[in-house]
>>> print(open('my_file05.pdb').read())   # PDB, C-alpha atoms, pLDDT in the B column
MODEL        1
ATOM      1  CA  ALA A 190      -3.085 -84.231 -16.418  1.00 45.00           C
ATOM      2  CA  GLU A 191      -5.122 -82.550 -19.121  1.00 44.00           C
ATOM      3  CA  ALA A 192      -7.563 -81.327 -16.456  1.00 45.00           C
ATOM      4  CA  GLU A 193      -4.739 -79.923 -14.379  1.00 46.00           C
ATOM      5  CA  ALA A 194      -3.233 -78.246 -17.447  1.00 44.00           C
ATOM      6  CA  GLY A 195      -6.643 -76.808 -18.265  1.00 46.00           C
ATOM      7  CA  GLU A 196      -7.005 -75.482 -14.723  1.00 45.00           C
ATOM      8  CA  GLU A 197      -3.509 -73.917 -14.878  1.00 44.00           C
ATOM      9  CA  GLY A 198      -4.304 -72.417 -18.264  1.00 46.00           C
ATOM     10  CA  ALA A 199      -7.546 -71.017 -16.906  1.00 44.00           C
ATOM     11  CA  GLY A 200      -5.729 -69.606 -13.886  1.00 46.00           C
ATOM     12  CA  THR A 201      -3.054 -68.102 -16.132  1.00 46.00           C
ATOM     13  CA  GLY A 202      -5.662 -66.695 -18.460  1.00 46.00           C
ATOM     14  CA  GLY A 203      -7.567 -65.237 -15.489  1.00 46.00           C
ATOM     15  CA  GLY A 204      -4.348 -63.630 -14.256  1.00 45.00           C
ATOM     16  CA  ASN A 205      -3.696 -62.129 -17.720  1.00 45.00           C
ATOM     17  CA  ARG A 206      -7.244 -60.775 -17.898  1.00 48.00           C
ATOM     18  CA  LEU A 207      -6.870 -59.190 -14.436  1.00 50.00           C
ATOM     19  CA  SER A 208      -3.622 -57.447 -15.374  1.00 64.00           C
ATOM     20  CA  GLU A 209      -5.178 -56.181 -18.595  1.00 70.00           C
ATOM     21  CA  GLU A 210      -8.095 -54.725 -16.619  1.00 72.00           C
ATOM     22  CA  GLU A 211      -5.696 -52.938 -14.246  1.00 72.00           C
ATOM     23  CA  ALA A 212      -3.716 -51.627 -17.178  1.00 69.00           C
ATOM     24  CA  GLU A 213      -6.919 -50.332 -18.772  1.00 73.00           C
ATOM     25  CA  ARG A 214      -7.869 -48.522 -15.588  1.00 77.00           C
ATOM     26  CA  LEU A 215      -4.407 -46.943 -15.386  1.00 74.00           C
ATOM     27  CA  ARG A 216      -4.627 -45.855 -19.029  1.00 74.00           C
ATOM     28  CA  ALA A 217      -8.008 -44.281 -18.325  1.00 76.00           C
ATOM     29  CA  LYS A 218      -6.615 -42.377 -15.328  1.00 77.00           C
ATOM     30  CA  VAL A 219      -3.626 -41.141 -17.340  1.00 71.00           C
ATOM     31  CA  ALA A 220      -5.898 -40.023 -20.164  1.00 71.00           C
ATOM     32  CA  GLU A 221      -8.119 -38.150 -17.692  1.00 72.00           C
ATOM     33  CA  LEU A 222      -5.092 -36.380 -16.194  1.00 70.00           C
ATOM     34  CA  GLU A 223      -3.846 -35.445 -19.664  1.00 67.00           C
ATOM     35  CA  ARG A 224      -7.254 -34.014 -20.531  1.00 66.00           C
ATOM     36  CA  ARG A 225      -7.258 -31.946 -17.345  1.00 67.00           C
ATOM     37  CA  LEU A 226      -3.760 -30.627 -17.971  1.00 62.00           C
ATOM     38  CA  SER A 227      -4.511 -29.782 -21.574  1.00 55.00           C
ATOM     39  CA  GLY A 228      -7.903 -28.225 -20.747  1.00 51.00           C
ATOM     40  CA  GLY A 229      -9.977 -31.037 -22.152  1.00 45.00           C
ATOM     41  CA  ALA A 230     -13.752 -31.329 -21.991  1.00 43.00           C
ATOM     42  CA  PRO A 231     -14.247 -32.805 -18.507  1.00 44.00           C
ATOM     43  CA  ALA A 232     -11.853 -30.408 -16.809  1.00 38.00           C
ATOM     44  CA  SER A 233     -12.710 -27.421 -18.939  1.00 39.00           C
ATOM     45  CA  ALA A 234     -16.383 -27.698 -18.043  1.00 39.00           C
ATOM     46  CA  GLY A 235     -15.636 -27.134 -14.368  1.00 42.00           C
ATOM     47  CA  ALA A 236     -12.948 -24.609 -15.214  1.00 39.00           C
ATOM     48  CA  GLY A 237     -15.318 -22.784 -17.449  1.00 41.00           C
ATOM     49  CA  LYS A 238     -17.776 -22.405 -14.604  1.00 41.00           C
ATOM     50  CA  GLY A 239     -15.029 -21.339 -12.254  1.00 42.00           C
ATOM     51  CA  GLY A 240     -13.550 -19.034 -14.876  1.00 42.00           C
ATOM     52  CA  ALA A 241     -16.894 -17.410 -15.524  1.00 39.00           C
ATOM     53  CA  GLY A 242     -17.418 -16.985 -11.830  1.00 40.00           C
ATOM     54  CA  GLY A 243     -13.918 -15.513 -11.516  1.00 41.00           C
ATOM     55  CA  GLN A 244     -14.636 -13.081 -14.329  1.00 40.00           C
ATOM     56  CA  VAL A 245     -17.876 -12.001 -12.701  1.00 35.00           C
ATOM     57  CA  PHE A 246     -16.104 -11.541  -9.373  1.00 34.00           C
ATOM     58  CA  ALA A 247     -13.339  -9.545 -11.059  1.00 35.00           C
ATOM     59  CA  ALA A 248     -15.920  -7.399 -12.780  1.00 35.00           C
ATOM     60  CA  GLU A 249     -17.616  -6.755  -9.460  1.00 37.00           C
ATOM     61  CA  ARG A 250     -14.325  -5.808  -7.790  1.00 44.00           C
ATOM     62  CA  ARG A 251     -13.039  -3.719 -10.691  1.00 50.00           C
ATOM     63  CA  VAL A 252     -12.697  -0.093  -9.654  1.00 53.00           C
ATOM     64  CA  SER A 253     -13.761   2.485 -12.217  1.00 74.00           C
ATOM     65  CA  MET A 254     -12.587   6.071 -12.060  1.00 83.00           C
ATOM     66  CA  PRO A 255     -15.492   8.349 -11.080  1.00 87.00           C
ATOM     67  CA  VAL A 256     -15.735  11.514 -13.137  1.00 90.00           C
ATOM     68  CA  GLU A 257     -15.912  13.675 -10.009  1.00 91.00           C
ATOM     69  CA  VAL A 258     -12.683  12.242  -8.612  1.00 91.00           C
ATOM     70  CA  GLN A 259     -10.926  12.545 -11.964  1.00 91.00           C
ATOM     71  CA  GLU A 260     -11.968  16.180 -12.343  1.00 93.00           C
ATOM     72  CA  ALA A 261     -10.930  17.008  -8.777  1.00 93.00           C
ATOM     73  CA  TRP A 262      -7.537  15.379  -9.321  1.00 93.00           C
ATOM     74  CA  GLU A 263      -6.978  17.203 -12.613  1.00 93.00           C
ATOM     75  CA  ALA A 264      -7.651  20.516 -10.846  1.00 94.00           C
ATOM     76  CA  VAL A 265      -5.160  19.675  -8.085  1.00 94.00           C
ATOM     77  CA  LYS A 266      -2.581  18.536 -10.620  1.00 92.00           C
ATOM     78  CA  GLU A 267      -2.930  21.743 -12.614  1.00 93.00           C
ATOM     79  CA  ASP A 268      -2.575  23.983  -9.548  1.00 94.00           C
ATOM     80  CA  LEU A 269       0.456  22.110  -8.184  1.00 93.00           C
ATOM     81  CA  SER A 270       2.170  21.095 -11.411  1.00 90.00           C
ATOM     82  CA  MET A 271       5.250  23.272 -10.799  1.00 91.00           C
ATOM     83  CA  SER A 272       5.510  22.121  -7.191  1.00 91.00           C
ATOM     84  CA  PHE A 273       5.263  18.459  -8.204  1.00 90.00           C
ATOM     85  CA  GLN A 274       8.081  18.981 -10.701  1.00 89.00           C
ATOM     86  CA  GLU A 275      10.214  20.718  -8.066  1.00 88.00           C
ATOM     87  CA  ILE A 276       9.751  17.844  -5.623  1.00 90.00           C
ATOM     88  CA  ALA A 277      10.521  15.261  -8.318  1.00 87.00           C
ATOM     89  CA  ASP A 278      13.697  17.124  -9.280  1.00 85.00           C
ATOM     90  CA  ALA A 279      14.760  17.367  -5.638  1.00 85.00           C
ATOM     91  CA  LYS A 280      14.323  13.609  -5.260  1.00 84.00           C
ATOM     92  CA  LEU A 281      16.636  13.103  -8.224  1.00 81.00           C
ATOM     93  CA  GLY A 282      19.169  15.548  -6.800  1.00 75.00           C
ATOM     94  CA  MET A 283      18.593  18.295  -9.375  1.00 75.00           C
ATOM     95  CA  ASP A 284      18.704  21.981  -8.484  1.00 67.00           C
ATOM     96  CA  GLY A 285      16.762  24.872 -10.027  1.00 62.00           C
ATOM     97  CA  SER A 286      18.975  24.851 -13.120  1.00 61.00           C
ATOM     98  CA  ARG A 287      18.189  21.129 -13.543  1.00 60.00           C
ATOM     99  CA  SER A 288      21.789  20.094 -12.974  1.00 63.00           C
ATOM    100  CA  PHE A 289      22.661  17.253 -10.638  1.00 64.00           C
ATOM    101  CA  VAL A 290      23.995  18.138  -7.206  1.00 60.00           C
ATOM    102  CA  ILE A 291      25.979  14.910  -6.957  1.00 60.00           C
ATOM    103  CA  GLN A 292      28.701  15.180  -9.590  1.00 57.00           C
ATOM    104  CA  LYS A 293      31.103  12.529 -10.722  1.00 55.00           C
ATOM    105  CA  GLY A 294      34.005  14.317  -9.006  1.00 56.00           C
ATOM    106  CA  ASP A 295      37.654  13.428  -9.000  1.00 52.00           C
ATOM    107  CA  ASN A 296      37.944   9.665  -8.756  1.00 56.00           C
ATOM    108  CA  THR A 297      41.665   9.500  -9.491  1.00 59.00           C
ATOM    109  CA  ALA A 298      44.082   7.770  -7.187  1.00 59.00           C
ATOM    110  CA  SER A 299      45.518  11.142  -6.124  1.00 64.00           C
ATOM    111  CA  ASN A 300      42.177  12.050  -4.495  1.00 66.00           C
ATOM    112  CA  PRO A 301      41.928  10.218  -1.144  1.00 72.00           C
ATOM    113  CA  ILE A 302      38.895   8.039  -0.652  1.00 75.00           C
ATOM    114  CA  TYR A 303      37.829   9.885   2.519  1.00 70.00           C
ATOM    115  CA  LYS A 304      37.586  13.123   0.531  1.00 73.00           C
ATOM    116  CA  ARG A 305      35.366  11.423  -2.040  1.00 73.00           C
ATOM    117  CA  LYS A 306      33.142  10.093   0.766  1.00 76.00           C
ATOM    118  CA  TYR A 307      32.832  13.592   2.225  1.00 76.00           C
ATOM    119  CA  GLU A 308      31.912  14.947  -1.193  1.00 73.00           C
ATOM    120  CA  VAL A 309      29.157  12.363  -1.608  1.00 73.00           C
ATOM    121  CA  LEU A 310      27.918  12.920   1.956  1.00 80.00           C
ATOM    122  CA  GLY A 311      27.810  16.676   1.467  1.00 78.00           C
ATOM    123  CA  ALA A 312      25.941  16.338  -1.817  1.00 75.00           C
ATOM    124  CA  THR A 313      23.442  13.943  -0.184  1.00 80.00           C
ATOM    125  CA  LEU A 314      22.755  16.427   2.622  1.00 84.00           C
ATOM    126  CA  VAL A 315      22.236  19.178   0.057  1.00 81.00           C
ATOM    127  CA  GLN A 316      19.813  16.939  -1.834  1.00 82.00           C
ATOM    128  CA  GLN A 317      17.820  16.186   1.329  1.00 87.00           C
ATOM    129  CA  GLU A 318      17.701  19.891   2.186  1.00 87.00           C
ATOM    130  CA  MET A 319      16.423  20.687  -1.319  1.00 87.00           C
ATOM    131  CA  TYR A 320      13.683  18.083  -0.957  1.00 88.00           C
ATOM    132  CA  MET A 321      12.569  19.308   2.483  1.00 91.00           C
ATOM    133  CA  LYS A 322      12.409  22.911   1.257  1.00 91.00           C
ATOM    134  CA  ALA A 323      10.404  21.976  -1.837  1.00 90.00           C
ATOM    135  CA  PHE A 324       8.130  19.724   0.198  1.00 91.00           C
ATOM    136  CA  GLY A 325       7.481  22.308   2.916  1.00 91.00           C
ATOM    137  CA  LYS A 326       6.740  25.029   0.370  1.00 93.00           C
ATOM    138  CA  THR A 327       4.322  22.771  -1.477  1.00 92.00           C
ATOM    139  CA  VAL A 328       2.486  21.893   1.757  1.00 92.00           C
ATOM    140  CA  LYS A 329       1.983  25.590   2.525  1.00 92.00           C
ATOM    141  CA  VAL A 330       0.680  26.240  -0.987  1.00 93.00           C
ATOM    142  CA  ALA A 331      -1.592  23.174  -0.962  1.00 93.00           C
ATOM    143  CA  LYS A 332      -3.272  24.198   2.290  1.00 92.00           C
ATOM    144  CA  LYS A 333      -4.524  27.394   0.628  1.00 92.00           C
ATOM    145  CA  LEU A 334      -5.840  25.841  -2.596  1.00 93.00           C
ATOM    146  CA  LYS A 335      -9.545  25.344  -3.177  1.00 94.00           C
ATOM    147  CA  SER A 336      -8.878  22.340  -5.399  1.00 94.00           C
ATOM    148  CA  VAL A 337      -7.019  20.557  -2.597  1.00 93.00           C
ATOM    149  CA  GLU A 338      -9.823  21.366  -0.184  1.00 94.00           C
ATOM    150  CA  THR A 339     -12.329  19.859  -2.618  1.00 93.00           C
ATOM    151  CA  MET A 340     -10.276  16.671  -2.931  1.00 93.00           C
ATOM    152  CA  ILE A 341      -9.980  16.323   0.847  1.00 92.00           C
ATOM    153  CA  ASP A 342     -13.730  16.817   1.242  1.00 92.00           C
ATOM    154  CA  LEU A 343     -14.365  14.100  -1.360  1.00 91.00           C
ATOM    155  CA  MET A 344     -12.090  11.670   0.455  1.00 91.00           C
ATOM    156  CA  ARG A 345     -13.654  12.396   3.839  1.00 91.00           C
ATOM    157  CA  ASN A 346     -17.324  12.580   2.932  1.00 90.00           C
ATOM    158  CA  GLY A 347     -17.777  11.259  -0.616  1.00 89.00           C
ATOM    159  CA  ILE A 348     -20.767  12.545  -2.594  1.00 88.00           C
ATOM    160  CA  LYS A 349     -24.165  11.919  -1.034  1.00 86.00           C
ATOM    161  CA  GLY A 350     -26.236   9.621  -3.211  1.00 85.00           C
ATOM    162  CA  LYS A 351     -23.447   9.081  -5.755  1.00 87.00           C
ATOM    163  CA  LEU A 352     -20.104   8.096  -4.219  1.00 87.00           C
ATOM    164  CA  THR A 353     -19.236   6.653  -0.846  1.00 90.00           C
ATOM    165  CA  LYS A 354     -16.072   7.466   1.032  1.00 89.00           C
ATOM    166  CA  ARG A 355     -14.750   3.991   0.274  1.00 91.00           C
ATOM    167  CA  GLU A 356     -15.327   4.360  -3.465  1.00 91.00           C
ATOM    168  CA  VAL A 357     -13.480   7.684  -3.500  1.00 90.00           C
ATOM    169  CA  ASN A 358     -10.544   6.213  -1.586  1.00 89.00           C
ATOM    170  CA  GLU A 359     -10.410   3.247  -3.968  1.00 90.00           C
ATOM    171  CA  ALA A 360     -10.344   5.660  -6.908  1.00 90.00           C
ATOM    172  CA  THR A 361      -7.486   7.656  -5.374  1.00 90.00           C
ATOM    173  CA  GLU A 362      -5.591   4.434  -4.716  1.00 90.00           C
ATOM    174  CA  LEU A 363      -6.096   3.579  -8.379  1.00 90.00           C
ATOM    175  CA  LEU A 364      -4.551   6.923  -9.294  1.00 90.00           C
ATOM    176  CA  THR A 365      -1.445   6.222  -7.217  1.00 89.00           C
ATOM    177  CA  ARG A 366      -1.038   2.852  -8.949  1.00 88.00           C
ATOM    178  CA  SER A 367      -1.494   4.264 -12.439  1.00 86.00           C
ATOM    179  CA  GLY A 368       2.146   5.281 -12.739  1.00 83.00           C
ATOM    180  CA  ASP A 369       1.429   8.989 -12.253  1.00 86.00           C
ATOM    181  CA  GLY A 370       4.310  10.340 -10.160  1.00 88.00           C
ATOM    182  CA  ALA A 371       2.337  13.438  -9.199  1.00 90.00           C
ATOM    183  CA  ALA A 372      -0.444  11.261  -7.735  1.00 91.00           C
ATOM    184  CA  VAL A 373       2.073   9.337  -5.635  1.00 90.00           C
ATOM    185  CA  ILE A 374       3.581  12.566  -4.320  1.00 90.00           C
ATOM    186  CA  PHE A 375       0.190  14.108  -3.531  1.00 92.00           C
ATOM    187  CA  PHE A 376      -1.758  11.213  -2.002  1.00 92.00           C
ATOM    188  CA  ARG A 377       1.063   9.444  -0.168  1.00 90.00           C
ATOM    189  CA  GLU A 378       3.379  12.278   0.838  1.00 89.00           C
ATOM    190  CA  LEU A 379       1.642  15.649   0.739  1.00 91.00           C
ATOM    191  CA  LEU A 380      -1.900  14.826   1.803  1.00 90.00           C
ATOM    192  CA  PRO A 381      -1.037  13.480   5.294  1.00 89.00           C
ATOM    193  CA  GLU A 382       0.844  16.710   6.012  1.00 89.00           C
ATOM    194  CA  VAL A 383      -1.867  18.930   4.536  1.00 89.00           C
ATOM    195  CA  THR A 384      -4.628  17.312   6.598  1.00 86.00           C
ATOM    196  CA  ASP A 385      -2.553  17.325   9.792  1.00 79.00           C
ATOM    197  CA  ASP A 386      -4.043  19.661  12.422  1.00 71.00           C
ATOM    198  CA  PRO A 387      -1.511  20.660  15.119  1.00 69.00           C
ATOM    199  CA  VAL A 388      -4.188  22.207  17.355  1.00 69.00           C
ATOM    200  CA  ALA A 389      -6.343  19.074  17.276  1.00 69.00           C
ATOM    201  CA  ASN A 390      -3.276  16.918  17.934  1.00 67.00           C
ATOM    202  CA  THR A 391      -2.345  19.094  20.921  1.00 78.00           C
ATOM    203  CA  VAL A 392      -5.850  18.918  22.384  1.00 77.00           C
ATOM    204  CA  ALA A 393      -5.965  15.170  21.869  1.00 76.00           C
ATOM    205  CA  GLY A 394      -2.588  14.819  23.572  1.00 81.00           C
ATOM    206  CA  LEU A 395      -3.730  16.841  26.580  1.00 83.00           C
ATOM    207  CA  ILE A 396      -6.933  14.828  26.923  1.00 87.00           C
ATOM    208  CA  THR A 397      -4.976  11.585  26.736  1.00 87.00           C
ATOM    209  CA  THR A 398      -2.540  12.829  29.385  1.00 87.00           C
ATOM    210  CA  VAL A 399      -5.365  13.797  31.759  1.00 85.00           C
ATOM    211  CA  LEU A 400      -7.044  10.414  31.306  1.00 86.00           C
ATOM    212  CA  LEU A 401      -3.796   8.574  31.983  1.00 87.00           C
ATOM    213  CA  LEU A 402      -3.175  10.617  35.135  1.00 85.00           C
ATOM    214  CA  GLY A 403      -6.712   9.949  36.357  1.00 84.00           C
ATOM    215  CA  PHE A 404      -6.372   6.240  35.671  1.00 82.00           C
ATOM    216  CA  THR A 405      -3.030   6.131  37.502  1.00 86.00           C
ATOM    217  CA  ALA A 406      -4.500   7.987  40.489  1.00 81.00           C
ATOM    218  CA  ALA A 407      -7.449   5.575  40.634  1.00 81.00           C
ATOM    219  CA  ILE A 408      -5.120   2.578  40.680  1.00 84.00           C
ATOM    220  CA  PHE A 409      -3.036   4.210  43.426  1.00 77.00           C
ATOM    221  CA  LEU A 410      -6.136   4.805  45.551  1.00 75.00           C
ATOM    222  CA  CYS A 411      -7.158   1.173  45.177  1.00 80.00           C
ATOM    223  CA  PHE A 412      -3.941   0.049  46.890  1.00 76.00           C
ATOM    224  CA  LEU A 413      -4.258   2.424  49.856  1.00 71.00           C
ATOM    225  CA  PRO A 414      -5.157   0.746  53.194  1.00 72.00           C
ATOM    226  CA  PRO A 415      -8.765   1.171  54.350  1.00 70.00           C
ATOM    227  CA  VAL A 416      -9.483   4.070  56.688  1.00 63.00           C
ATOM    228  CA  ASN A 417     -10.878   3.235  60.156  1.00 65.00           C
ATOM    229  CA  LEU A 418     -13.580   5.761  61.106  1.00 60.00           C
ATOM    230  CA  ALA A 419     -13.184   5.021  64.808  1.00 61.00           C
ATOM    231  CA  ASP A 420      -9.571   6.148  64.692  1.00 57.00           C
ATOM    232  CA  LEU A 421     -10.614   9.342  63.041  1.00 54.00           C
ATOM    233  CA  GLU A 422     -13.175  10.083  65.759  1.00 57.00           C
ATOM    234  CA  GLU A 423     -10.599   9.595  68.468  1.00 55.00           C
TER     235      GLU A 423
ENDMDL
END
>>> encode(input="my_file05.pdb", output="C-alpha cells")
Amino acid sequence: AEAEAGEEGAGTGGGNRLSEEEAERLRAKVAELERRLSGGAPASAGAGKGGAGGQVFAAERRVSMPVEVQEAWEAVKEDLSMSFQEIADAKLGMDGSRSFVIQKGDNTASNPIYKRKYEVLGATLVQQEMYMKAFGKTVKVAKKLKSVETMIDLMRNGIKGKLTKREVNEATELLTRSGDGAAVIFFRELLPEVTDDPVANTVAGLITTVLLLGFTAAIFLCFLPPVNLADLEE
C-alpha cells in the first residue's frame, strides 16, 4: 500500500512538475511578446537594424531641390505672378474687382426655387467663362516667355553632367506638393497646354491614318481569292 501510495505521489508530483514547466514556457513567451511590443532589447535590436536601413533608404530616395530648378521656377513665378493670381481668383469665382460672382441672392420663400437654381447656374457659367479666359490668356503669354522656355528645356533635357531629366521632373513634382498654388497651376494645368504642338499633332494624326489605311488594305488583299494565270492568258 505504501509502495502504491509512493508511486501515486511520484506520478502526481511528476504531473505537477510538467505543468509548472509548461507554465514557465508560456510565461517566457508572454514576456518575449511584451518585450517586442514595448521595443525591448531582443526586438529593438532587429528593429534598430531595420530602422537604420529604412533611414538610409529614405535618405537615398529623398529628393533635394536643385538650385537650377529653383531659380528657373522663381523666374517663371515672377513673370506670371499676375496671371497666376487671375486664374486663382477665377477658380474662386471672383471677378476683376475681387468680388464673388455667386452672391447669396434672395433665398426667401417668395423667390421660387427654380429662379434660385437659374441664378446659381448662370453664376457658375460666368465663373467657368472667367476661368477659361484667364487660362487662355496665360497660355498665350507663357508661350512667349524666355523663363518658361528655360523651364521646359530643363524638364526635357536636364543639365548635362549635373541633372538628369528624371531628377528635374522629381524636383518639379516636389514643387507641386509643397503647397504652392502657383506651382500646381503651372506644372499641372498650364504646362501641358504650353508644350502642345498642333502642327506636330496634325502630322502624327495623318501618319497614323495612312498606316491604318495601309494595314486595312493589306488585310483585305489577304482575303482575296488567288488569281489563276491561265485564265488571264485566255
>>> residues_around(input="my_file05.pdb", residues="Asp268 (chain A)", least_positions_apart="5", cutoff="10 Å", atoms="only C-alpha atoms", output="short mmCIF file (atom, residue, chain, number, x, y, z; two decimals) with C-alpha atoms, in the coordinates of the input")
data_model
loop_
_atom_site.label_atom_id
_atom_site.label_comp_id
_atom_site.auth_asym_id
_atom_site.auth_seq_id
_atom_site.Cartn_x
_atom_site.Cartn_y
_atom_site.Cartn_z
CA TRP A 262 -7.54 15.38 -9.32
CA GLU A 263 -6.98 17.20 -12.61
CA PHE A 273 5.26 18.46 -8.20
CA VAL A 330 0.68 26.24 -0.99
CA ALA A 331 -1.59 23.17 -0.96
CA LEU A 334 -5.84 25.84 -2.60
CA LYS A 335 -9.54 25.34 -3.18
CA SER A 336 -8.88 22.34 -5.40
CA VAL A 337 -7.02 20.56 -2.60
#
>>> residues_near_point(input="my_file05.pdb", point="(-15.9, 7.2, 0.8)", cutoff="6 Å", atoms="all atoms listed in the file", output="PDB file with C-alpha atoms, in the frame of the given file")
ATOM      1  CA  MET A 344     -12.090  11.670   0.455  1.00 91.00           C
ATOM      2  CA  ASN A 346     -17.324  12.580   2.932  1.00 90.00           C
ATOM      3  CA  GLY A 347     -17.777  11.259  -0.616  1.00 89.00           C
ATOM      4  CA  THR A 353     -19.236   6.653  -0.846  1.00 90.00           C
ATOM      5  CA  LYS A 354     -16.072   7.466   1.032  1.00 89.00           C
ATOM      6  CA  ARG A 355     -14.750   3.991   0.274  1.00 91.00           C
ATOM      7  CA  GLU A 356     -15.327   4.360  -3.465  1.00 91.00           C
ATOM      8  CA  VAL A 357     -13.480   7.684  -3.500  1.00 90.00           C
ATOM      9  CA  ASN A 358     -10.544   6.213  -1.586  1.00 89.00           C
TER      10      ASN A 358
END
>>> atom_distance(input="my_file05.pdb", atom1="CA of Lys333 (chain A)", atom2="CA of Phe376 (chain A)")
16.6 Å
>>> atom_distance(input="my_file05.pdb", atom1="CA of Arg377 (chain A)", atom2="CA of Thr391 (chain A)")
23.4 Å
>>> residues_around(input="my_file05.pdb", residues="Ala372 (chain A)", least_positions_apart="3", cutoff="10 Å", atoms="all atoms listed in the file", output="PyMOL selection string")
chain A and resi 262+265-266+273+361-369+375-379
>>> atom_distance(input="my_file05.pdb", atom1="CA of Arg345 (chain A)", atom2="CA of Gln259 (chain A)")
16.0 Å
>>> closest_atom_pairs(input="my_file05.pdb", of="region 294-346 of chain A", to="region 276-283 of chain A", cutoff="9 Å", atoms="only C-alpha atoms", output="JSON lines")
{"residue": "A:Ala312", "atom": "CA", "partner": "A:Gly282", "partner_atom": "CA", "distance": 8.4}
{"residue": "A:Thr313", "atom": "CA", "partner": "A:Gly282", "partner_atom": "CA", "distance": 8.0}
{"residue": "A:Val315", "atom": "CA", "partner": "A:Gly282", "partner_atom": "CA", "distance": 8.3}
{"residue": "A:Gln316", "atom": "CA", "partner": "A:Gly282", "partner_atom": "CA", "distance": 5.2}
{"residue": "A:Gln317", "atom": "CA", "partner": "A:Ala279", "partner_atom": "CA", "distance": 7.7}
{"residue": "A:Glu318", "atom": "CA", "partner": "A:Ala279", "partner_atom": "CA", "distance": 8.7}
{"residue": "A:Met319", "atom": "CA", "partner": "A:Ala279", "partner_atom": "CA", "distance": 5.7}
{"residue": "A:Tyr320", "atom": "CA", "partner": "A:Ala279", "partner_atom": "CA", "distance": 4.9}
{"residue": "A:Met321", "atom": "CA", "partner": "A:Ala279", "partner_atom": "CA", "distance": 8.6}
{"residue": "A:Lys322", "atom": "CA", "partner": "A:Ile276", "partner_atom": "CA", "distance": 8.9}
{"residue": "A:Ala323", "atom": "CA", "partner": "A:Ile276", "partner_atom": "CA", "distance": 5.6}
{"residue": "A:Phe324", "atom": "CA", "partner": "A:Ile276", "partner_atom": "CA", "distance": 6.3}
{"residue": "A:Thr327", "atom": "CA", "partner": "A:Ile276", "partner_atom": "CA", "distance": 8.4}
